[in-house]
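Source file: query.cif; contents: mmCIF, C-alpha atoms.
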```cif
data_my_file
loop_
_atom_site.group_PDB
_atom_site.id
_atom_site.type_symbol
_atom_site.label_atom_id
_atom_site.label_comp_id
_atom_site.auth_asym_id
_atom_site.auth_seq_id
_atom_site.Cartn_x
_atom_site.Cartn_y
_atom_site.Cartn_z
ATOM 1 C CA MET A 1 -74.956 209.111 124.082
ATOM 2 C CA VAL A 2 -75.953 212.750 124.478
ATOM 3 C CA ASN A 3 -75.629 213.931 128.074
ATOM 4 C CA ILE A 4 -78.764 215.405 129.635
ATOM 5 C CA THR A 5 -77.739 218.911 130.656
ATOM 6 C CA PRO A 6 -79.442 222.314 130.931
ATOM 7 C CA ALA A 7 -78.007 223.074 127.471
ATOM 8 C CA THR A 8 -79.255 219.916 125.736
ATOM 9 C CA ILE A 9 -82.693 219.610 127.380
ATOM 10 C CA PRO A 10 -84.362 222.458 125.374
ATOM 11 C CA LEU A 11 -83.012 221.039 122.098
ATOM 12 C CA LEU A 12 -84.166 217.512 122.919
ATOM 13 C CA GLU A 13 -87.622 218.813 123.860
ATOM 14 C CA ALA A 14 -87.839 220.873 120.648
ATOM 15 C CA PHE A 15 -86.764 217.836 118.646
ATOM 16 C CA GLU A 16 -89.557 215.770 120.175
ATOM 17 C CA ARG A 17 -92.186 218.403 119.299
ATOM 18 C CA ASP A 18 -91.414 218.071 115.577
ATOM 19 C CA GLU A 19 -92.533 221.627 114.721
ATOM 20 C CA GLY A 20 -90.081 222.356 111.931
ATOM 21 C CA CYS A 21 -86.629 223.824 112.525
ATOM 22 C CA VAL A 22 -85.663 223.045 116.118
ATOM 23 C CA LEU A 23 -83.577 226.209 116.389
ATOM 24 C CA CYS A 24 -86.410 228.397 115.062
ATOM 25 C CA TYR A 25 -88.818 226.899 117.586
ATOM 26 C CA LEU A 26 -86.443 227.850 120.389
ATOM 27 C CA TRP A 27 -85.821 231.283 118.836
ATOM 28 C CA LEU A 28 -89.516 232.139 119.124
ATOM 29 C CA LYS A 29 -89.703 230.749 122.647
ATOM 30 C CA ASP A 30 -86.659 232.812 123.610
ATOM 31 C CA GLU A 31 -88.188 235.948 122.099
ATOM 32 C CA PHE A 32 -91.116 235.790 124.520
ATOM 33 C CA GLN A 33 -88.769 235.124 127.435
ATOM 34 C CA SER A 34 -86.641 238.105 126.361
ATOM 35 C CA MET A 35 -89.734 240.315 126.419
ATOM 36 C CA GLU A 36 -90.474 239.165 129.951
ATOM 37 C CA PHE A 37 -86.848 239.809 130.880
ATOM 38 C CA VAL A 38 -86.755 243.450 129.742
ATOM 39 C CA GLU A 39 -90.140 244.108 131.372
ATOM 40 C CA ASP A 40 -88.970 242.731 134.709
ATOM 41 C CA ASN A 41 -89.078 245.553 137.270
ATOM 42 C CA GLU A 42 -85.538 244.917 138.459
ATOM 43 C CA VAL A 43 -84.172 245.059 134.894
ATOM 44 C CA SER A 44 -86.195 248.093 133.800
ATOM 45 C CA MET A 45 -85.040 249.986 136.907
ATOM 46 C CA ASP A 46 -81.390 249.185 136.189
ATOM 47 C CA GLU A 47 -79.881 252.488 135.028
ATOM 48 C CA ALA A 48 -76.993 250.777 133.196
ATOM 49 C CA PHE A 49 -79.398 248.607 131.189
ATOM 50 C CA ARG A 50 -81.592 251.593 130.367
ATOM 51 C CA ARG A 51 -78.527 253.492 129.134
ATOM 52 C CA ASP A 52 -77.773 250.548 126.824
ATOM 53 C CA VAL A 53 -81.334 250.702 125.480
ATOM 54 C CA VAL A 54 -80.962 254.447 124.815
ATOM 55 C CA ALA A 55 -77.576 253.803 123.155
ATOM 56 C CA SER A 56 -79.398 251.599 120.633
ATOM 57 C CA SER A 57 -82.112 254.252 120.163
ATOM 58 C CA GLY A 58 -84.638 252.009 121.836
ATOM 59 C CA PHE A 59 -85.210 248.510 120.513
ATOM 60 C CA CYS A 60 -85.118 247.506 116.842
ATOM 61 C CA ASN A 61 -88.214 247.994 114.701
ATOM 62 C CA ARG A 62 -89.511 244.457 115.260
ATOM 63 C CA HIS A 63 -89.014 244.383 119.006
ATOM 64 C CA MET A 64 -90.467 247.840 119.622
ATOM 65 C CA HIS A 65 -93.681 246.591 118.030
ATOM 66 C CA VAL A 66 -93.641 243.045 119.420
ATOM 67 C CA LEU A 67 -93.035 244.351 122.946
ATOM 68 C CA HIS A 68 -95.827 246.909 122.536
ATOM 69 C CA ARG A 69 -98.282 244.239 121.351
ATOM 70 C CA MET A 70 -97.383 241.868 124.157
ATOM 71 C CA VAL A 71 -97.678 244.547 126.825
ATOM 72 C CA PHE A 72 -100.973 245.979 125.665
ATOM 73 C CA SER A 73 -102.576 242.659 124.725
ATOM 74 C CA GLY A 74 -102.104 241.377 128.245
ATOM 75 C CA GLY A 75 -99.315 238.946 127.343
ATOM 76 C CA ILE A 76 -97.117 240.793 129.842
ATOM 77 C CA PRO A 77 -99.111 242.203 132.777
ATOM 78 C CA ASP A 78 -96.937 245.202 133.631
ATOM 79 C CA GLY A 79 -96.088 247.739 130.909
ATOM 80 C CA LEU A 80 -94.071 250.055 133.157
ATOM 81 C CA GLY A 81 -90.756 248.991 131.655
ATOM 82 C CA TYR A 82 -91.923 249.685 128.095
ATOM 83 C CA ALA A 83 -93.065 253.174 129.114
ATOM 84 C CA MET A 84 -89.730 253.900 130.809
ATOM 85 C CA TYR A 85 -87.669 252.726 127.827
ATOM 86 C CA ALA A 86 -89.844 254.770 125.468
ATOM 87 C CA GLU A 87 -89.589 257.892 127.637
ATOM 88 C CA ASP A 88 -85.782 257.617 127.873
ATOM 89 C CA THR A 89 -85.481 257.169 124.115
ATOM 90 C CA VAL A 90 -87.861 260.020 123.276
ATOM 91 C CA GLU A 91 -85.892 262.376 125.533
ATOM 92 C CA MET A 92 -82.667 261.397 123.733
ATOM 93 C CA LEU A 93 -84.233 261.907 120.289
ATOM 94 C CA HIS A 94 -85.693 265.254 121.364
ATOM 95 C CA GLY A 95 -82.304 266.454 122.586
ATOM 96 C CA SER A 96 -80.606 265.385 119.367
ATOM 97 C CA ILE A 97 -83.078 267.233 117.169
ATOM 98 C CA ARG A 98 -83.016 270.327 119.379
ATOM 99 C CA ALA A 99 -79.208 270.490 119.037
ATOM 100 C CA ILE A 100 -79.559 270.442 115.249
ATOM 101 C CA GLN A 101 -82.271 273.092 115.395
ATOM 102 C CA THR A 102 -80.027 275.348 117.506
ATOM 103 C CA ALA A 103 -77.099 274.931 115.111
ATOM 104 C CA PHE A 104 -79.371 275.706 112.148
ATOM 105 C CA HIS A 105 -80.773 278.870 113.760
ATOM 106 C CA GLU A 106 -77.274 280.064 114.710
ATOM 107 C CA SER A 107 -76.086 279.619 111.133
ATOM 108 C CA ARG A 108 -78.903 281.891 109.850
ATOM 109 C CA LYS A 109 -78.458 284.757 112.299
ATOM 110 C CA LYS A 110 -75.809 286.697 110.361
ATOM 111 C CA PRO A 111 -74.105 286.729 106.961
ATOM 112 C CA TRP A 112 -71.602 283.920 106.566
ATOM 113 C CA ASN A 113 -67.902 284.819 106.389
ATOM 114 C CA VAL A 114 -65.690 282.423 104.474
ATOM 115 C CA LEU A 115 -62.874 283.064 106.950
ATOM 116 C CA SER A 116 -64.978 282.338 110.008
ATOM 117 C CA LYS A 117 -65.317 278.956 111.664
ATOM 118 C CA GLU A 118 -69.090 279.189 111.541
ATOM 119 C CA ARG A 119 -70.958 276.860 109.210
ATOM 120 C CA THR A 120 -73.446 277.800 106.537
ATOM 121 C CA PRO A 121 -77.069 276.684 106.814
ATOM 122 C CA ARG A 122 -76.403 274.256 103.957
ATOM 123 C CA ALA A 123 -73.463 272.706 105.821
ATOM 124 C CA VAL A 124 -75.614 272.347 108.940
ATOM 125 C CA ILE A 125 -78.344 270.603 106.953
ATOM 126 C CA GLU A 126 -75.864 268.222 105.329
ATOM 127 C CA SER A 127 -74.249 267.318 108.651
ATOM 128 C CA ALA A 128 -77.689 266.993 110.255
ATOM 129 C CA ALA A 129 -78.604 264.103 107.954
ATOM 130 C CA GLU A 130 -75.472 262.221 109.015
ATOM 131 C CA LYS A 131 -76.032 262.925 112.705
ATOM 132 C CA LEU A 132 -79.683 261.893 112.500
ATOM 133 C CA GLU A 133 -78.743 258.610 110.827
ATOM 134 C CA GLU A 134 -76.238 257.935 113.632
ATOM 135 C CA THR A 135 -78.945 258.737 116.186
ATOM 136 C CA LEU A 136 -81.451 256.443 114.492
ATOM 137 C CA GLN A 137 -79.028 253.523 114.308
ATOM 138 C CA GLY A 138 -77.531 254.045 117.750
ATOM 139 C CA THR A 139 -74.127 252.860 118.902
ATOM 140 C CA ARG A 140 -75.288 249.392 119.985
ATOM 141 C CA ILE A 141 -77.534 246.726 118.526
ATOM 142 C CA CYS A 142 -81.007 246.195 119.995
ATOM 143 C CA GLU A 143 -80.651 244.715 123.494
ATOM 144 C CA ILE A 144 -83.344 242.099 122.837
ATOM 145 C CA CYS A 145 -81.645 241.087 119.569
ATOM 146 C CA ARG A 146 -78.279 240.880 121.319
ATOM 147 C CA ARG A 147 -79.690 238.603 124.011
ATOM 148 C CA MET A 148 -81.428 236.378 121.451
ATOM 149 C CA LEU A 149 -78.434 236.161 119.107
ATOM 150 C CA LEU A 150 -76.139 235.098 121.944
ATOM 151 C CA ALA A 151 -78.629 232.420 123.025
ATOM 152 C CA ASP A 152 -79.070 231.238 119.424
ATOM 153 C CA ALA A 153 -75.304 230.905 119.015
ATOM 154 C CA ARG A 154 -75.071 228.838 122.204
ATOM 155 C CA ARG A 155 -77.887 226.558 121.047
ATOM 156 C CA THR A 156 -76.311 226.104 117.618
ATOM 157 C CA ARG A 157 -72.988 225.123 119.177
ATOM 158 C CA THR A 158 -74.760 222.661 121.460
ATOM 159 C CA LEU A 159 -76.696 221.140 118.538
ATOM 160 C CA LEU A 160 -73.471 220.634 116.592
ATOM 161 C CA ASP A 161 -71.900 218.927 119.617
ATOM 162 C CA MET A 162 -74.966 216.692 119.955
ATOM 163 C CA MET A 163 -74.593 215.685 116.307
ATOM 164 C CA GLY A 164 -71.180 214.337 117.217
ATOM 165 C CA HIS A 165 -72.907 211.565 119.217
ATOM 166 C CA GLU A 166 -73.905 208.603 117.084
ATOM 167 C CA ASP A 167 -77.289 207.996 118.717
ATOM 168 C CA PHE A 168 -78.499 211.572 118.218
ATOM 169 C CA ALA A 169 -76.960 211.780 114.752
ATOM 170 C CA GLU A 170 -79.051 208.778 113.662
ATOM 171 C CA ARG A 171 -82.249 210.367 115.016
ATOM 172 C CA PHE A 172 -81.455 213.675 113.385
ATOM 173 C CA ALA A 173 -80.740 212.004 110.050
ATOM 174 C CA ARG A 174 -84.218 210.427 110.120
ATOM 175 C CA SER A 175 -86.368 213.355 111.194
ATOM 176 C CA GLY A 176 -84.286 216.434 111.999
ATOM 177 C CA ARG A 177 -85.079 219.746 110.302
ATOM 178 C CA VAL A 178 -83.135 223.000 110.155
ATOM 179 C CA CYS A 179 -84.162 226.076 108.177
ATOM 180 C CA PHE A 180 -81.744 227.405 105.559
ATOM 181 C CA PRO A 181 -80.487 230.383 107.649
ATOM 182 C CA HIS A 182 -79.751 228.076 110.583
ATOM 183 C CA PHE A 183 -78.155 225.554 108.215
ATOM 184 C CA VAL A 184 -75.759 228.277 107.005
ATOM 185 C CA THR A 185 -75.046 229.399 110.580
ATOM 186 C CA SER A 186 -74.343 225.796 111.606
ATOM 187 C CA MET A 187 -71.930 225.274 108.724
ATOM 188 C CA GLN A 188 -70.125 228.512 109.632
ATOM 189 C CA MET A 189 -69.757 227.468 113.279
ATOM 190 C CA LEU A 190 -68.828 223.842 112.606
ATOM 191 C CA PRO A 191 -65.046 224.441 112.192
ATOM 192 C CA THR A 192 -64.876 225.676 115.807
ATOM 193 C CA ARG A 193 -66.435 222.545 117.368
ATOM 194 C CA ARG A 194 -64.606 219.494 118.712
ATOM 195 C CA VAL A 195 -66.533 216.913 116.720
ATOM 196 C CA ASP A 196 -65.932 214.795 113.639
ATOM 197 C CA LYS A 197 -66.380 217.769 111.308
ATOM 198 C CA GLN A 198 -66.644 215.725 108.128
ATOM 199 C CA ALA A 199 -69.331 213.471 109.600
ATOM 200 C CA VAL A 200 -71.362 216.375 111.009
ATOM 201 C CA ALA A 201 -71.019 218.374 107.772
ATOM 202 C CA ALA A 202 -72.262 215.381 105.788
ATOM 203 C CA LEU A 203 -75.180 214.970 108.214
ATOM 204 C CA LEU A 204 -76.141 218.648 107.936
ATOM 205 C CA ILE A 205 -75.960 218.664 104.144
ATOM 206 C CA GLU A 206 -77.874 215.425 103.699
ATOM 207 C CA THR A 207 -80.545 216.553 106.181
ATOM 208 C CA GLU A 208 -80.978 219.908 104.457
ATOM 209 C CA LEU A 209 -81.307 218.273 101.050
ATOM 210 C CA ARG A 210 -83.882 215.832 102.446
ATOM 211 C CA CYS A 211 -85.877 218.709 103.949
ATOM 212 C CA LEU A 212 -85.841 220.733 100.727
ATOM 213 C CA GLU A 213 -86.806 217.728 98.618
ATOM 214 C CA GLY A 214 -89.677 217.019 101.005
ATOM 215 C CA LEU A 215 -90.717 220.647 100.747
ATOM 216 C CA VAL A 216 -90.845 220.438 96.949
ATOM 217 C CA ASP A 217 -93.159 217.424 97.241
ATOM 218 C CA LEU A 218 -95.311 219.257 99.798
ATOM 219 C CA LEU A 219 -95.660 222.306 97.556
ATOM 220 C CA SER A 220 -96.588 220.184 94.550
ATOM 221 C CA GLU A 221 -99.377 218.591 96.585
ATOM 222 C CA GLY A 222 -100.774 221.977 97.614
ATOM 223 C CA GLY A 223 -102.623 222.604 100.844
ATOM 224 C CA LYS A 224 -102.579 225.393 103.393
ATOM 225 C CA ALA A 225 -99.551 224.111 105.303
ATOM 226 C CA SER A 226 -97.123 224.067 102.373
ATOM 227 C CA PRO A 227 -96.647 227.865 101.899
ATOM 228 C CA GLU A 228 -96.080 228.340 105.622
ATOM 229 C CA MET A 229 -93.540 225.520 105.716
ATOM 230 C CA ALA A 230 -91.833 226.954 102.626
ATOM 231 C CA ALA A 231 -91.482 230.358 104.281
ATOM 232 C CA MET A 232 -90.100 228.728 107.424
ATOM 233 C CA MET A 233 -87.524 226.599 105.612
ATOM 234 C CA ILE A 234 -86.362 229.312 103.206
ATOM 235 C CA ALA A 235 -86.221 232.304 105.553
ATOM 236 C CA GLY A 236 -86.515 230.857 109.041
ATOM 237 C CA VAL A 237 -89.104 231.921 111.587
ATOM 238 C CA GLU A 238 -90.425 235.488 111.334
ATOM 239 C CA GLY A 239 -87.845 237.953 112.646
ATOM 240 C CA LEU A 240 -84.880 235.549 112.482
ATOM 241 C CA TYR A 241 -81.578 237.395 111.974
ATOM 242 C CA CYS A 242 -83.416 240.560 110.893
ATOM 243 C CA SER A 243 -81.705 243.941 111.066
ATOM 244 C CA THR A 244 -80.685 244.558 114.657
ATOM 245 C CA ARG A 245 -80.613 248.329 114.212
ATOM 246 C CA LYS A 246 -83.047 250.842 112.818
ATOM 247 C CA GLY A 247 -81.950 252.882 109.823
ATOM 248 C CA PRO A 248 -83.139 255.046 106.938
ATOM 249 C CA ASN A 249 -84.176 253.627 103.567
ATOM 250 C CA PRO A 250 -80.910 252.070 102.306
ATOM 251 C CA LEU A 251 -81.813 252.759 98.670
ATOM 252 C CA THR A 252 -81.908 256.516 99.226
ATOM 253 C CA ILE A 253 -78.595 257.019 101.026
ATOM 254 C CA GLY A 254 -76.370 259.345 99.033
ATOM 255 C CA ALA A 255 -78.899 259.569 96.223
ATOM 256 C CA THR A 256 -79.791 262.864 94.567
ATOM 257 C CA GLY A 257 -82.765 261.505 92.719
ATOM 258 C CA PRO A 258 -84.847 258.348 92.204
ATOM 259 C CA THR A 259 -82.819 255.223 92.882
ATOM 260 C CA ARG A 260 -82.365 252.791 90.031
ATOM 261 C CA THR A 261 -83.348 249.168 90.438
ATOM 262 C CA ARG A 262 -82.479 246.061 88.449
ATOM 263 C CA ASP A 263 -85.477 246.748 86.232
ATOM 264 C CA ASP A 264 -84.357 250.329 85.635
ATOM 265 C CA PRO A 265 -80.796 249.982 84.264
ATOM 266 C CA ARG A 266 -78.531 252.921 83.498
ATOM 267 C CA ARG A 267 -79.182 254.155 79.975
#
```
If you convert what's in this file into structure tokens, what do you get?
Amino acid sequence: MVNITPATIPLLEAFERDEGCVLCYLWLKDEFQSMEFVEDNEVSMDEAFRRDVVASSGFCNRHMHVLHRMVFSGGIPDGLGYAMYAEDTVEMLHGSIRAIQTAFHESRKKPWNVLSKERTPRAVIESAAEKLEETLQGTRICEICRRMLLADARRTRTLLDMMGHEDFAERFARSGRVCFPHFVTSMQMLPTRRVDKQAVAALLIETELRCLEGLVDLLSEGGKASPEMAAMMIAGVEGLYCSTRKGPNPLTIGATGPTRTRDDPRR
């Protein structure tokens, strides 16, 4: 029998709610709690934490916007933390661009000598693109993403351990659901758990096949719920495992002209 512990209680409660993938349900719940965490006055005043936020050039694209919406929609009463994180990040970005501007102006002041150590304006521009990309991406992943990914990994490990108990395994086989991204994550983590790996792997695979077959039936019947459930099962909840760092358009990096796509093959 599964032990009732602080680790298993959230999963058991999510399982009882029957709202799709149990891990996705807890991912969304954790996202809101993470927003509250970073907006906590004690956290936002922590200089070490704020340095980590600056090191990741603020939060990722999703969490910059989600945090903004929650703060200014009244979901989180105090927006002081958001303002402080934004101010710190803007100051860092401003300093980075000013340094590039200074280097560019210095390179244009006098004729370039091939024997000198000074760089040409062209060299400054080329190095600026690389430095700006590094600034945009930061040296750390988004702090909210990091917190959520660690929690998601803990929950996935706990779920796999719970599947090693016969009583929970039977319940999960009947009505458990896991989205495809969480199914893949679970299969990747399974070799590290002290459970009957063959039995749990079989349970995961059979459950995923049952869910997908049920989804096919749901889509064939139509209705408003079927597209939403399809999106959830195929991709997971919105924002799940998205890019944890900001970056430039990946299809333009290193390109000198329009980027080819699959529909535009090399001639």
Margin query: Could you check the closest approach to Arg51 (chain A) for each of A:Tyr85, A:Phe172, A:Phe180, A:Trp27 and tell me which residue wins, using only C-alpha atoms?
Written below: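 Using only C-alpha atoms, Arg51 (chain A) sits closest to A:Tyr85.
Of the listed residues A:Leu219, A:Val200, A:Ala7, A:Leu212, the one whose atoms come nearest to Met233 (chain A) is A:Leu212, with distances taken using all atoms listed in the file.
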Item checked: Minimum-distance residue to Thr185 (chain A), chosen among A:Arg154, A:Lys131, A:Arg171, A:Arg210 (using all atoms listed in the file) ->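 Between A:Arg154, A:Lys131, A:Arg171, A:Arg210, the residue approaching Thr185 (chain A) most closely is A:Arg154.
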Notebook entry, point to check: With all atoms listed in the file as the atoms that count, which of A:Val216, A:Ala129, A:Ala86, A:Val178 lies nearest to Gly236 (chain A)?
Noted result: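 Residue with the minimum atom-to-atom distance to Gly236 (chain A): A:Val178.
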Item checked: Long-range neighbours of Glu36 (chain A) as JSON, numbers by chain, 10 Å cut-off, all atoms listed in the file, 3 positions minimum in chain -> {"A": [30, 31, 32, 33, 39, 40, 41, 43, 67, 70, 71, 75, 76, 77, 78, 81]}
Item checked: Among listed residues A:Leu26, A:Leu136, A:Ala173, A:Ile141, nearest Pro248 (chain A) (using all atoms listed in the file) ->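 For Pro248 (chain A), the nearest of the given residues is A:Leu136.
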Next item on the list: Run the PyMOL selection byres ((chain A and resi 161) around 12) on the file and write out the hits as a ChimeraX atom specification.
Entry: /A:1-3,7-8,11,154-160,162-166,168-169,186,189-197,199-201
Next item on the list: Would you list the contacts of Cys242 (chain A) as a ChimeraX atom specification, taking every protein, DNA or RNA residue within 10 Å and counting all atoms listed in the file, but skipping same-chain residues closer than 4 positions in sequence?
Entry: /A:60-62,145,238
Next item on the list: Run the PyMOL selection byres ((chain A and resi 123-128) around 12) mentally over the shown coordinates, then write out the matched residues as a list in words, using the chain letters and numbers from the document.
Entry: Ser96, Ile97, Arg98, Ala99, Ile100, Gln101, Thr102, Ala103, Phe104, His105, Glu106, Ser107, Arg108, Trp112, Lys117, Glu118, Arg119, Thr120, Pro121, Arg122, Ala129, Glu130, Lys131, Leu132, Glu133, Glu134, Thr135, Leu136 and Gly254 of chain A
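With CA of Gly247 (chain A) on one side and CA of Ser73 (chain A) on the other, the separation reads 27.4 Å.
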Next item on the list: For CA of Glu170 (chain A) and CA of Leu203 (chain A), determine how far apart the two atoms are, in Å to one decimal place.
Entry: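 Between CA of Glu170 (chain A) and CA of Leu203 (chain A) the gap works out to 9.1 Å.
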Next item on the list: Please indicate the distance in Å from CA of Leu23 (chain A) to CA of Arg69 (chain A), rounded to one decimal place.
Entry: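 Atom-to-atom, CA of Leu23 (chain A) to CA of Arg69 (chain A), that is 23.8 Å.
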Distance query Tyr25 (chain A) at most 8 Å, all atoms listed in the file, self and fewer than 6 positions along chain excluded, as an mmCIF file with C-alpha atoms, keeping the file's coordinate frame:
```cif
data_model
loop_
_atom_site.group_PDB
_atom_site.id
_atom_site.type_symbol
_atom_site.label_atom_id
_atom_site.label_comp_id
_atom_site.auth_asym_id
_atom_site.auth_seq_id
_atom_site.Cartn_x
_atom_site.Cartn_y
_atom_site.Cartn_z
ATOM 1 C CA ALA A 14 -87.839 220.873 120.648
ATOM 2 C CA GLU A 19 -92.533 221.627 114.721
ATOM 3 C CA VAL A 237 -89.104 231.921 111.587
#
```
Check: Any idea what's packed within 12 Å of Thr244 (chain A), counting only C-alpha atoms, ignoring anything in its chain fewer than 2 positions away? Could you give it as a list of chain:residue names?
Finding: A:Ser56, A:Ser57, A:Gly58, A:Phe59, A:Cys60, A:Asn61, A:Arg62, A:His63, A:Met64, A:Leu136, A:Gln137, A:Gly138, A:Thr139, A:Arg140, A:Ile141, A:Cys142, A:Glu143, A:Ile144, A:Cys145, A:Arg146, A:Arg147, A:Met148, A:Leu149, A:Gly239, A:Leu240, A:Tyr241, A:Cys242, A:Lys246, A:Gly247
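The residue that comes closest to Phe15 (chain A), out of A:His94, A:Lys109, A:His68, A:Arg177 and on the basis of only C-alpha atoms, is A:Arg177.
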How big is the axis-aligned box around all listed atoms of region 233-241 of chain A once 8 Å goes on each side, and where's its centre, in Å to one decimal, as JSON?
```
{"center_x": -86.0, "center_y": 232.3, "center_z": 107.9, "size_x": 24.8, "size_y": 27.4, "size_z": 25.4}
```
